[in-house]
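*Asks:* This is query-v5.txt (compact mmCIF, C-alpha atoms).
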```
# COMPACT_ATOMS: atom_id res chain seq x y z
CA MET A 1 118.22 53.31 76.19
CA LYS A 2 121.69 52.26 75.16
CA ILE A 3 124.02 54.93 73.78
CA ALA A 4 126.94 53.70 71.67
CA VAL A 5 130.12 55.53 70.72
CA LEU A 6 132.48 54.07 68.15
CA LYS A 7 136.10 54.93 67.48
CA GLU A 8 136.32 57.45 64.66
CA ARG A 9 137.49 55.87 61.41
CA ALA A 10 137.74 58.88 59.09
CA GLU A 11 141.28 59.73 58.09
CA GLY A 12 142.77 62.43 60.30
CA GLU A 13 139.85 62.47 62.73
CA THR A 14 141.23 62.57 66.28
CA ARG A 15 138.12 63.75 68.12
CA VAL A 16 135.64 61.62 70.03
CA ALA A 17 131.92 62.26 70.48
CA LEU A 18 131.74 61.36 74.18
CA THR A 19 133.89 62.29 77.15
CA PRO A 20 133.79 60.82 80.66
CA GLU A 21 132.05 64.04 81.75
CA THR A 22 129.14 63.59 79.32
CA ALA A 23 129.08 59.82 79.85
CA LYS A 24 128.27 60.46 83.52
CA LYS A 25 125.53 62.89 82.56
CA PHE A 26 123.89 60.45 80.14
CA ILE A 27 124.04 57.71 82.75
CA ALA A 28 122.38 60.07 85.23
CA LEU A 29 119.49 60.37 82.75
CA GLY A 30 119.07 56.60 82.93
CA ALA A 31 120.95 55.62 79.78
CA ASP A 32 123.42 52.76 79.40
CA VAL A 33 126.61 54.00 77.75
CA ALA A 34 128.98 51.79 75.75
CA VAL A 35 132.26 52.96 74.19
CA GLU A 36 134.49 51.15 71.73
CA ALA A 37 137.95 50.43 73.13
CA GLY A 38 140.42 53.14 72.08
CA ALA A 39 137.71 55.62 71.03
CA GLY A 40 139.18 58.43 73.11
CA GLU A 41 142.85 57.59 72.66
CA ASN A 42 143.64 60.36 70.17
CA ALA A 43 141.89 62.89 72.41
CA SER A 44 143.99 61.80 75.43
CA ILE A 45 141.10 59.91 77.06
CA ALA A 46 141.94 56.44 78.34
CA ASP A 47 139.44 53.58 78.33
CA ALA A 48 139.73 53.49 82.12
CA ALA A 49 138.34 57.03 82.31
CA TYR A 50 135.16 55.84 80.64
CA THR A 51 134.78 52.83 82.90
CA ASP A 52 135.38 55.04 85.93
CA ALA A 53 132.51 57.21 84.69
CA GLY A 54 130.22 54.17 84.59
CA ALA A 55 130.36 53.32 80.89
CA SER A 56 131.21 49.91 79.47
CA VAL A 57 134.09 49.46 77.02
CA GLY A 58 134.19 46.76 74.38
CA THR A 59 134.55 45.87 70.72
CA ALA A 60 132.64 47.70 68.02
CA ASP A 61 130.13 44.87 67.69
CA GLN A 62 129.56 44.70 71.45
CA VAL A 63 129.10 48.44 71.71
CA VAL A 64 126.62 48.74 68.84
CA THR A 65 124.45 45.74 69.69
CA ASP A 66 120.92 46.90 70.69
CA ALA A 67 121.98 50.56 70.76
CA GLY A 68 119.11 53.02 70.30
CA ILE A 69 121.40 56.05 69.98
CA VAL A 70 124.81 56.28 68.32
CA LEU A 71 127.00 59.34 68.81
CA GLY A 72 129.79 60.24 66.41
CA VAL A 73 131.94 63.09 65.25
CA GLN A 74 131.92 61.90 61.64
CA ALA A 75 128.86 59.75 60.97
CA PRO A 76 129.96 56.09 60.90
CA ASP A 77 129.45 53.80 57.94
CA PRO A 78 125.97 52.27 58.33
CA ALA A 79 127.58 48.86 57.83
CA LEU A 80 129.12 49.27 61.29
CA LEU A 81 125.67 49.76 62.84
CA LYS A 82 123.99 46.51 61.78
CA GLY A 83 123.59 45.40 65.39
CA ALA A 84 121.86 48.59 66.47
CA LYS A 85 118.08 48.88 66.81
CA PRO A 86 116.39 49.21 63.40
CA ASP A 87 115.31 52.81 64.02
CA ALA A 88 118.38 53.92 66.01
CA LYS A 89 119.16 57.63 66.11
CA VAL A 90 122.64 58.63 64.93
CA ALA A 91 123.77 62.14 65.92
CA ALA A 92 126.96 63.24 64.17
CA LEU A 93 128.42 65.30 61.32
CA PHE A 94 127.09 64.03 57.98
CA ASP A 95 128.31 66.65 55.48
CA PRO A 96 124.89 66.13 53.86
CA PHE A 97 125.25 68.49 50.90
CA ARG A 98 128.47 66.85 49.70
CA ASP A 99 127.89 63.26 50.81
CA GLY A 100 124.46 62.34 49.55
CA GLU A 101 125.47 58.70 49.21
CA ARG A 102 125.95 58.39 52.94
CA VAL A 103 122.57 60.00 53.60
CA ASP A 104 120.92 57.58 51.17
CA ALA A 105 122.69 54.67 52.85
CA TYR A 106 121.28 55.71 56.22
CA ALA A 107 117.79 55.89 54.77
CA LYS A 108 118.17 52.45 53.24
CA ALA A 109 119.35 51.07 56.59
CA GLY A 110 116.26 52.49 58.34
CA LEU A 111 118.36 54.65 60.66
CA GLU A 112 117.38 58.11 61.86
CA ALA A 113 120.24 60.38 60.83
CA LEU A 114 120.52 63.58 62.86
CA SER A 115 122.90 66.02 61.20
CA MET A 116 124.51 68.33 63.73
CA GLU A 117 125.50 70.69 60.88
CA PHE A 118 121.82 71.48 60.40
CA MET A 119 121.27 72.67 63.97
CA PRO A 120 119.22 75.88 63.62
CA ARG A 121 120.87 79.08 64.75
CA ILE A 122 118.26 80.03 67.32
CA THR A 123 118.77 81.08 70.91
CA ARG A 124 117.74 77.86 72.58
CA ALA A 125 119.97 75.79 70.30
CA GLN A 126 123.16 77.76 70.89
CA SER A 127 124.50 75.24 73.40
CA MET A 128 123.90 72.46 70.85
CA ASP A 129 125.69 74.13 67.94
CA VAL A 130 128.76 72.04 67.09
CA LEU A 131 129.70 74.26 64.14
CA SER A 132 130.11 77.26 66.44
CA SER A 133 132.09 75.43 69.10
CA GLN A 134 134.42 73.84 66.56
CA SER A 135 134.79 77.04 64.53
CA ASN A 136 135.85 78.86 67.68
CA LEU A 137 138.76 76.48 68.05
CA SER A 138 139.51 76.67 64.32
CA GLY A 139 139.90 80.45 64.49
CA TYR A 140 142.34 80.12 67.36
CA LYS A 141 144.34 77.31 65.76
CA ALA A 142 144.56 79.12 62.42
CA VAL A 143 146.32 82.07 64.01
CA MET A 144 148.64 79.86 66.06
CA ALA A 145 149.58 77.74 63.04
CA ALA A 146 150.15 80.84 60.91
CA ALA A 147 152.24 82.44 63.66
CA ASN A 148 154.40 79.35 63.91
CA GLN A 149 154.90 79.31 60.13
CA TYR A 150 155.58 83.06 60.01
CA GLY A 151 158.58 82.65 62.27
CA ARG A 152 158.73 86.26 63.42
CA ALA A 153 157.45 88.07 66.50
CA PHE A 154 153.81 89.16 66.64
CA PRO A 155 153.94 92.07 69.12
CA MET A 156 155.89 95.28 68.76
CA MET A 157 159.12 94.99 70.74
CA MET A 158 161.24 97.97 71.66
CA THR A 159 164.82 97.02 72.51
CA ALA A 160 168.16 98.73 72.84
CA ALA A 161 169.04 97.25 69.45
CA GLY A 162 165.98 98.74 67.79
CA THR A 163 162.25 98.18 67.38
CA VAL A 164 160.54 95.08 66.05
CA GLN A 165 157.31 96.12 64.36
CA ALA A 166 154.05 94.34 65.18
CA ALA A 167 152.85 91.77 62.67
CA ARG A 168 149.94 92.85 60.48
CA VAL A 169 147.11 90.29 60.48
CA PHE A 170 144.09 90.50 58.18
CA VAL A 171 141.04 88.27 58.84
CA MET A 172 138.62 87.68 55.97
CA GLY A 173 135.21 86.47 57.09
CA VAL A 174 133.99 87.42 60.55
CA GLY A 175 131.85 84.56 61.72
CA VAL A 176 132.68 82.56 64.84
CA ALA A 177 136.07 81.45 63.50
CA GLY A 178 136.93 84.92 62.28
CA LEU A 179 136.07 86.60 65.55
CA GLN A 180 138.21 84.14 67.47
CA ALA A 181 141.05 84.67 64.99
CA ILE A 182 140.84 88.42 65.58
CA ALA A 183 140.83 87.98 69.35
CA THR A 184 143.75 85.54 69.27
CA ALA A 185 145.87 87.74 67.01
CA LYS A 186 145.16 90.76 69.22
CA ARG A 187 146.18 88.82 72.33
CA LEU A 188 149.45 87.97 70.61
CA GLY A 189 150.06 91.67 70.01
CA ALA A 190 149.44 91.90 66.27
CA GLN A 191 148.00 94.86 64.40
CA VAL A 192 144.70 93.37 63.24
CA SER A 193 142.20 94.27 60.55
CA ALA A 194 139.21 92.34 59.26
CA THR A 195 136.50 92.36 56.61
CA ASP A 196 133.17 90.68 55.89
CA VAL A 197 130.21 91.13 53.56
CA ARG A 198 127.77 91.50 56.46
CA SER A 199 127.31 94.98 57.87
CA ALA A 200 126.56 93.70 61.38
CA THR A 201 130.16 92.54 61.76
CA ARG A 202 131.65 96.04 61.67
CA GLU A 203 130.73 96.64 65.30
CA GLN A 204 131.98 93.19 66.28
CA ILE A 205 135.33 93.78 64.60
CA GLU A 206 135.82 97.14 66.25
CA SER A 207 134.72 95.84 69.66
CA LEU A 208 137.72 93.49 69.56
CA GLY A 209 140.08 96.35 68.83
CA ALA A 210 140.61 95.56 65.16
CA LYS A 211 140.22 97.84 62.14
CA ALA A 212 137.16 97.17 59.98
CA ILE A 213 137.80 97.10 56.22
CA PHE A 214 134.61 97.39 54.17
CA VAL A 215 133.55 98.13 50.61
CA ALA A 216 131.84 101.51 50.58
CA GLU A 217 130.44 101.56 47.04
CA GLY A 218 126.76 100.66 46.87
CA GLY A 219 126.48 99.89 50.56
CA ILE A 220 127.18 96.66 52.35
CA GLU A 221 125.20 93.52 51.63
CA GLY A 222 125.49 89.85 52.30
CA GLU A 223 123.41 88.86 55.32
CA GLY A 224 122.00 85.40 54.66
CA SER A 225 119.75 83.14 56.70
CA GLY A 226 120.95 81.93 60.08
CA GLY A 227 123.65 84.59 60.30
CA TYR A 228 125.67 83.13 57.42
CA ALA A 229 126.95 85.12 54.47
CA SER A 230 125.01 84.96 51.22
CA GLU A 231 126.26 84.92 47.64
CA MET A 232 127.39 88.38 46.50
CA SER A 233 126.59 90.35 43.34
CA ASP A 234 129.26 90.59 40.63
CA GLU A 235 129.60 94.34 41.29
CA TYR A 236 130.21 93.76 44.97
CA LYS A 237 132.72 91.00 44.24
CA ALA A 238 134.69 93.33 41.96
CA ALA A 239 134.75 96.11 44.55
CA GLN A 240 135.73 93.64 47.27
CA ALA A 241 138.55 92.21 45.13
CA LYS A 242 139.96 95.70 44.53
CA LEU A 243 139.85 96.54 48.23
CA VAL A 244 141.46 93.25 49.20
CA SER A 245 144.21 93.64 46.62
CA GLU A 246 145.15 97.01 48.03
CA HIS A 247 145.03 95.82 51.63
CA ILE A 248 146.69 92.40 51.60
CA ALA A 249 149.79 93.78 49.90
CA LYS A 250 150.63 95.35 53.27
CA GLN A 251 149.81 92.32 55.42
CA ASP A 252 152.09 89.73 57.01
CA ILE A 253 149.41 87.14 57.77
CA VAL A 254 145.96 86.63 56.23
CA ILE A 255 143.35 84.28 57.74
CA THR A 256 140.42 83.36 55.48
CA THR A 257 137.27 81.83 56.98
CA ALA A 258 134.44 82.44 54.49
CA LEU A 259 131.91 79.66 53.93
CA ILE A 260 128.45 79.54 52.35
CA PRO A 261 126.36 76.53 53.49
CA GLY A 262 125.69 74.04 50.73
CA ARG A 263 128.09 75.66 48.28
CA PRO A 264 131.83 75.61 47.59
CA ALA A 265 133.81 78.15 49.58
CA PRO A 266 133.93 81.53 47.80
CA ARG A 267 137.26 82.48 46.22
CA LEU A 268 138.61 85.49 48.12
CA ILE A 269 142.27 85.61 47.13
CA SER A 270 143.62 85.01 43.63
CA ASP A 271 147.14 84.11 42.57
CA ASP A 272 147.63 87.65 41.28
CA GLN A 273 146.72 89.02 44.69
CA ILE A 274 149.11 86.61 46.41
CA ALA A 275 151.85 87.96 44.15
CA THR A 276 151.39 91.43 45.66
CA MET A 277 152.18 90.21 49.18
CA LYS A 278 155.61 90.45 50.79
CA PRO A 279 157.88 87.39 50.64
CA GLY A 280 157.64 85.53 53.93
CA SER A 281 153.96 86.35 54.40
CA VAL A 282 151.58 83.58 55.43
CA ILE A 283 147.99 82.77 54.48
CA TYR A 284 145.90 80.27 56.47
CA ASP A 285 142.78 79.07 54.65
CA ILE A 286 140.26 77.62 57.12
CA ALA A 287 137.86 76.95 54.24
CA VAL A 288 140.25 74.68 52.33
CA PRO A 289 138.17 71.51 53.01
CA GLN A 290 135.28 73.12 51.09
CA GLY A 291 137.45 74.10 48.12
CA GLY A 292 139.27 76.98 49.75
CA ASN A 293 139.09 80.76 49.75
CA VAL A 294 142.64 80.99 48.39
CA GLU A 295 143.80 79.99 44.92
CA GLY A 296 146.41 77.24 45.20
CA ALA A 297 145.58 76.18 48.77
CA VAL A 298 145.82 72.43 49.33
CA ALA A 299 144.52 70.77 52.49
CA ASP A 300 147.25 69.53 54.85
CA GLN A 301 150.02 70.76 52.58
CA ILE A 302 152.32 73.76 52.82
CA VAL A 303 152.25 75.54 49.47
CA THR A 304 154.58 78.38 48.50
CA ARG A 305 153.57 80.84 45.78
CA HIS A 306 155.47 84.05 45.01
CA GLY A 307 157.34 83.64 48.29
CA VAL A 308 154.08 83.47 50.27
CA THR A 309 153.26 80.38 52.34
CA ILE A 310 149.70 79.04 52.09
CA LEU A 311 148.46 76.45 54.55
CA GLY A 312 145.26 74.98 55.93
CA TYR A 313 144.18 71.76 57.57
CA ALA A 314 141.51 69.44 56.20
CA ASN A 315 140.20 69.21 59.77
CA THR A 316 141.43 72.11 61.88
CA PRO A 317 139.58 71.22 65.13
CA ALA A 318 141.16 67.75 65.05
CA HIS A 319 144.47 69.44 65.79
CA LEU A 320 143.05 70.41 69.20
CA ALA A 321 141.47 67.03 69.89
CA PRO A 322 141.02 67.14 73.70
CA ASP A 323 139.32 70.55 73.74
CA ALA A 324 137.42 69.96 70.50
CA SER A 325 136.11 66.64 71.82
CA ALA A 326 135.04 68.17 75.14
CA LEU A 327 133.03 70.90 73.38
CA PHE A 328 131.57 68.57 70.76
CA ALA A 329 130.49 66.07 73.42
CA ARG A 330 128.80 68.82 75.46
CA ASN A 331 126.96 70.00 72.35
CA LEU A 332 125.64 66.47 71.81
CA TYR A 333 124.62 66.09 75.44
CA ASN A 334 122.89 69.48 75.46
CA PHE A 335 121.00 68.48 72.32
CA LEU A 336 119.75 65.08 73.47
CA SER A 337 119.19 65.93 77.12
CA ALA A 338 116.99 68.90 76.20
CA PHE A 339 114.46 66.43 74.77
CA TRP A 340 114.99 63.53 77.15
CA ASP A 341 111.71 61.93 78.15
CA GLY A 342 112.14 60.17 81.49
CA GLU A 343 109.17 57.89 80.99
CA ALA A 344 110.14 56.89 77.47
CA GLY A 345 113.80 56.65 78.47
CA GLU A 346 114.93 58.42 75.31
CA PRO A 347 114.91 61.83 73.61
CA VAL A 348 111.67 62.89 71.93
CA LEU A 349 112.64 65.64 69.51
CA ASP A 350 110.38 68.62 68.86
CA GLU A 351 109.48 69.94 65.42
CA GLU A 352 111.60 73.10 65.34
CA ILE A 353 114.93 71.46 66.12
CA GLY A 354 114.13 67.82 65.37
CA ASP A 355 112.82 68.52 61.88
CA ALA A 356 115.78 70.80 61.17
CA VAL A 357 118.48 68.23 61.96
CA ARG A 358 116.70 65.04 60.85
CA LEU A 359 117.94 63.76 57.49
CA THR A 360 116.38 60.30 57.36
CA LYS A 361 113.64 58.36 59.10
CA GLY A 362 111.52 55.31 58.30
CA GLY A 363 113.61 54.41 55.29
CA GLN A 364 113.22 57.82 53.64
CA VAL A 365 115.21 61.03 53.24
CA VAL A 366 112.97 63.51 55.05
CA SER A 367 115.10 66.68 55.26
CA ALA A 368 113.31 69.60 53.61
CA ARG A 369 116.61 71.46 53.39
CA LEU A 370 118.22 68.65 51.41
CA LYS A 371 115.23 68.36 49.11
CA GLU A 372 115.41 72.09 48.41
CA GLY A 373 119.10 71.69 47.54
```
Rewrite the structure of this file - the entire thing - as structure tokens.
*Replies:*
Amino acid sequence: MKIAVLKERAEGETRVALTPETAKKFIALGADVAVEAGAGENASIADAAYTDAGASVGTADQVVTDAGIVLGVQAPDPALLKGAKPDAKVAALFDPFRDGERVDAYAKAGLEALSMEFMPRITRAQSMDVLSSQSNLSGYKAVMAAANQYGRAFPMMMTAAGTVQAARVFVMGVGVAGLQAIATAKRLGAQVSATDVRSATREQIESLGAKAIFVAEGGIEGEGSGGYASEMSDEYKAAQAKLVSEHIAKQDIVITTALIPGRPAPRLISDDQIATMKPGSVIYDIAVPQGGNVEGAVADQIVTRHGVTILGYANTPAHLAPDASALFARNLYNFLSAFWDGEAGEPVLDEEIGDAVRLTKGGQVVSARLKEG
């Protein structure tokens, strides 16, 4: 089985879906690995590192020809895969809810699209979960970017000239990214608080040494399928907005991370709430690519409203390309190797995971999740 890896062509995408480490592992399974020249350049991986690992390096056409598996970070345009086997598997990020045209194009091309976003959140798939590995890095990077923009010290400093107070950091949304944001801000010496709509996160917040901020009225709700947050009631949203308004007025940095799969990011902070914050405060909106949690946030732009700086990257993990690529590539290897059939010389996916991630096959869109909307 030939595995092909193309250079990423999406704007701002610096990651690569294969590293020399995982190339060696695929070759050990019996696969031939081919990488487009320059594919790892933005992740600080030279072509020579791939050849040293046993992979071949060539043009896009050479790499794709007769490939049975294509690995990508962002799913490549099917037009680039014309030389691949008719039923080739493509494992990558597809953004299937927002990019239905690409999914349809894969079906029309007869390719088997495997969406890594749809990896089920079950124990045996944890090592395959690209969203978790990339969100971990996003939480870290959000705090570091906000700290750099803030321009003041994070930890309390006691000097002969007086005391510098610790920065106050508030994390909204305590999934993988939020937990890493809490941990990073604590390591930097900040005074950290956090909130979420899921009751299970209270213990997680407090275990990291942060203060849990929760709506008390009517209990806590919001646990959705797969550990994600669900849509909240209007009453809960009103209570949450009141609590946030009171709390963020005292904060120096706010990190928002809330996402609901298949829907625009929920609005957590309004312009009126931003106006209550101190001049010089910073908000980092991790969810800005999905519409943003913060009113006025614009991807890859620094916006100032009421003296508060709002920022967020369209692709936060791409700003940590070497580490993000290493984790992403391991997720892909863990996924395919778990189903590798030595006799067939290729992965044979099972129903639980295979059916969950498979978008297209045999010229049809087959994903039940997509059909449900």
*Asks:* Between A:Val169, A:Leu243, A:Ala297, A:Ala43, which one has atoms that come closest to Ala146 (chain A), using all atoms listed in the file?
*Replies:*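 Result for the nearest residue to Ala146 (chain A): A:Val169.
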*Asks:* Would you tabulate, counting all atoms listed in the file, all residues of region 274-311 of chain A that have an atom at most 12 Å from an atom of region 177-182 of chain A, showing the closest pair of atoms and their distance in Å to one decimal, sorted by chain then ascending number, as CSV?
*Replies:*
```
residue,atom,partner,partner_atom,distance
A:Tyr284,CA,A:Ala181,CA,10.7
A:Asp285,CA,A:Gly178,CA,11.3
A:Ile286,CA,A:Ala177,CA,8.5
A:Ala287,CA,A:Ala177,CA,10.4
```
*Asks:* Can you tell me which residues surround region 346-361 of chain A at a distance of at most 6 Å, considering all atoms listed in the file, apart from same-chain residues fewer than 5 positions away, and format the answer as a ChimeraX atom specification?
*Replies:* /A:107,112-115,118-119,336,339-341,366-367
*Asks:* Store the residues picked out above, limited to C-alpha atoms, as an mmCIF file, in the coordinates of the input.
*Replies:*
```
data_model
loop_
_atom_site.group_PDB
_atom_site.id
_atom_site.type_symbol
_atom_site.label_atom_id
_atom_site.label_comp_id
_atom_site.auth_asym_id
_atom_site.auth_seq_id
_atom_site.Cartn_x
_atom_site.Cartn_y
_atom_site.Cartn_z
ATOM 1 C CA ALA A 107 117.790 55.890 54.770
ATOM 2 C CA GLU A 112 117.380 58.110 61.860
ATOM 3 C CA ALA A 113 120.240 60.380 60.830
ATOM 4 C CA LEU A 114 120.520 63.580 62.860
ATOM 5 C CA SER A 115 122.900 66.020 61.200
ATOM 6 C CA PHE A 118 121.820 71.480 60.400
ATOM 7 C CA MET A 119 121.270 72.670 63.970
ATOM 8 C CA LEU A 336 119.750 65.080 73.470
ATOM 9 C CA PHE A 339 114.460 66.430 74.770
ATOM 10 C CA TRP A 340 114.990 63.530 77.150
ATOM 11 C CA ASP A 341 111.710 61.930 78.150
ATOM 12 C CA VAL A 366 112.970 63.510 55.050
ATOM 13 C CA SER A 367 115.100 66.680 55.260
#
```
*Asks:* Could you give me, as a short mmCIF file (atom, residue, chain, number, x, y, z; two decimals) with C-alpha atoms, in the coordinates of the input, the residues within 7 Å of Ala39 (chain A), counting all atoms listed in the file and dropping anything in the same chain fewer than 2 positions from it?
*Replies:*
```
data_model
loop_
_atom_site.label_atom_id
_atom_site.label_comp_id
_atom_site.auth_asym_id
_atom_site.auth_seq_id
_atom_site.Cartn_x
_atom_site.Cartn_y
_atom_site.Cartn_z
CA LEU A 6 132.48 54.07 68.15
CA LYS A 7 136.10 54.93 67.48
CA GLU A 8 136.32 57.45 64.66
CA VAL A 16 135.64 61.62 70.03
CA VAL A 35 132.26 52.96 74.19
CA GLU A 36 134.49 51.15 71.73
CA ALA A 37 137.95 50.43 73.13
CA GLU A 41 142.85 57.59 72.66
#
```
*Asks:* Give the answer as one residue: which of A:Lys82, A:Arg152, A:Pro261, A:Ala185 has the shortest atom-to-atom distance to Leu370 (chain A), using only C-alpha atoms?
*Replies:*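 Among the listed residues, the smallest separation from Leu370 (chain A) belongs to A:Pro261.
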*Asks:* Using only C-alpha atoms, which of A:Pro86, A:Gly363, A:Gly345, A:Gly72 sits nearest Ala105 (chain A)?
*Replies:*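 Of A:Pro86, A:Gly363, A:Gly345, A:Gly72, the one nearest Ala105 (chain A), counting only C-alpha atoms, is A:Gly363.
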*Asks:* Excluding same-chain residues fewer than 2 positions from Leu311 (chain A), what lies within 8 Å of it counting all atoms listed in the file, as a count of residues only?
*Replies:* 14
*Asks:* Select, from A:Glu203, A:Asp66, A:Asp61, A:Asp52, the residue with the minimum atom-to-atom distance to Asp32 (chain A), counting all atoms listed in the file.
*Replies:*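 Among the listed residues, A:Asp66 lies closest to Asp32 (chain A).
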*Asks:* To one decimal place, how far is CA of Lys186 (chain A) from CA of Ile255 (chain A) in Å?
*Replies:*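 A separation of 13.3 Å between them.
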*Asks:* Name all residues at most 9 Å from Asp323 (chain A) (count all atoms listed in the file; drop same-chain ones fewer than 5 positions away) and give them as a CSV table (one decimal) with C-alpha atoms, in the frame of the given file.
*Replies:*
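File written: around_31.csv
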```
chain,number,residue,atom,x,y,z
A,15,ARG,CA,138.1,63.8,68.1
A,43,ALA,CA,141.9,62.9,72.4
A,137,LEU,CA,138.8,76.5,68.0
A,317,PRO,CA,139.6,71.2,65.1
A,328,PHE,CA,131.6,68.6,70.8
```
*Asks:* If we count all atoms listed in the file, what is near region 46-50 of chain A at a cut-off of 7 Å, once residues fewer than 6 positions away on the same chain are taken out, given as a ChimeraX atom specification?
*Replies:* /A:20,37-38,40,57
*Asks:* Given only C-alpha atoms as the basis, pick out the residue of A:Thr276, A:Pro264, A:Lys371, A:Ser138 nearest to Arg98 (chain A).
*Replies:*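 Comparing A:Thr276, A:Pro264, A:Lys371, A:Ser138 against Arg98 (chain A), the winner is A:Pro264.
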*Asks:* With distances taken over only C-alpha atoms, which of A:Val215, A:Leu268, A:Ala92, A:Val176 is nearest to Asn331 (chain A)?
*Replies:*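 Answer, going by the shortest atom-to-atom distance: A:Ala92.
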*Asks:* Quick one, how far is CA of Asn136 (chain A) from CA of Gly175 (chain A)?
*Replies:*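 These atoms are spaced 9.2 Å apart.
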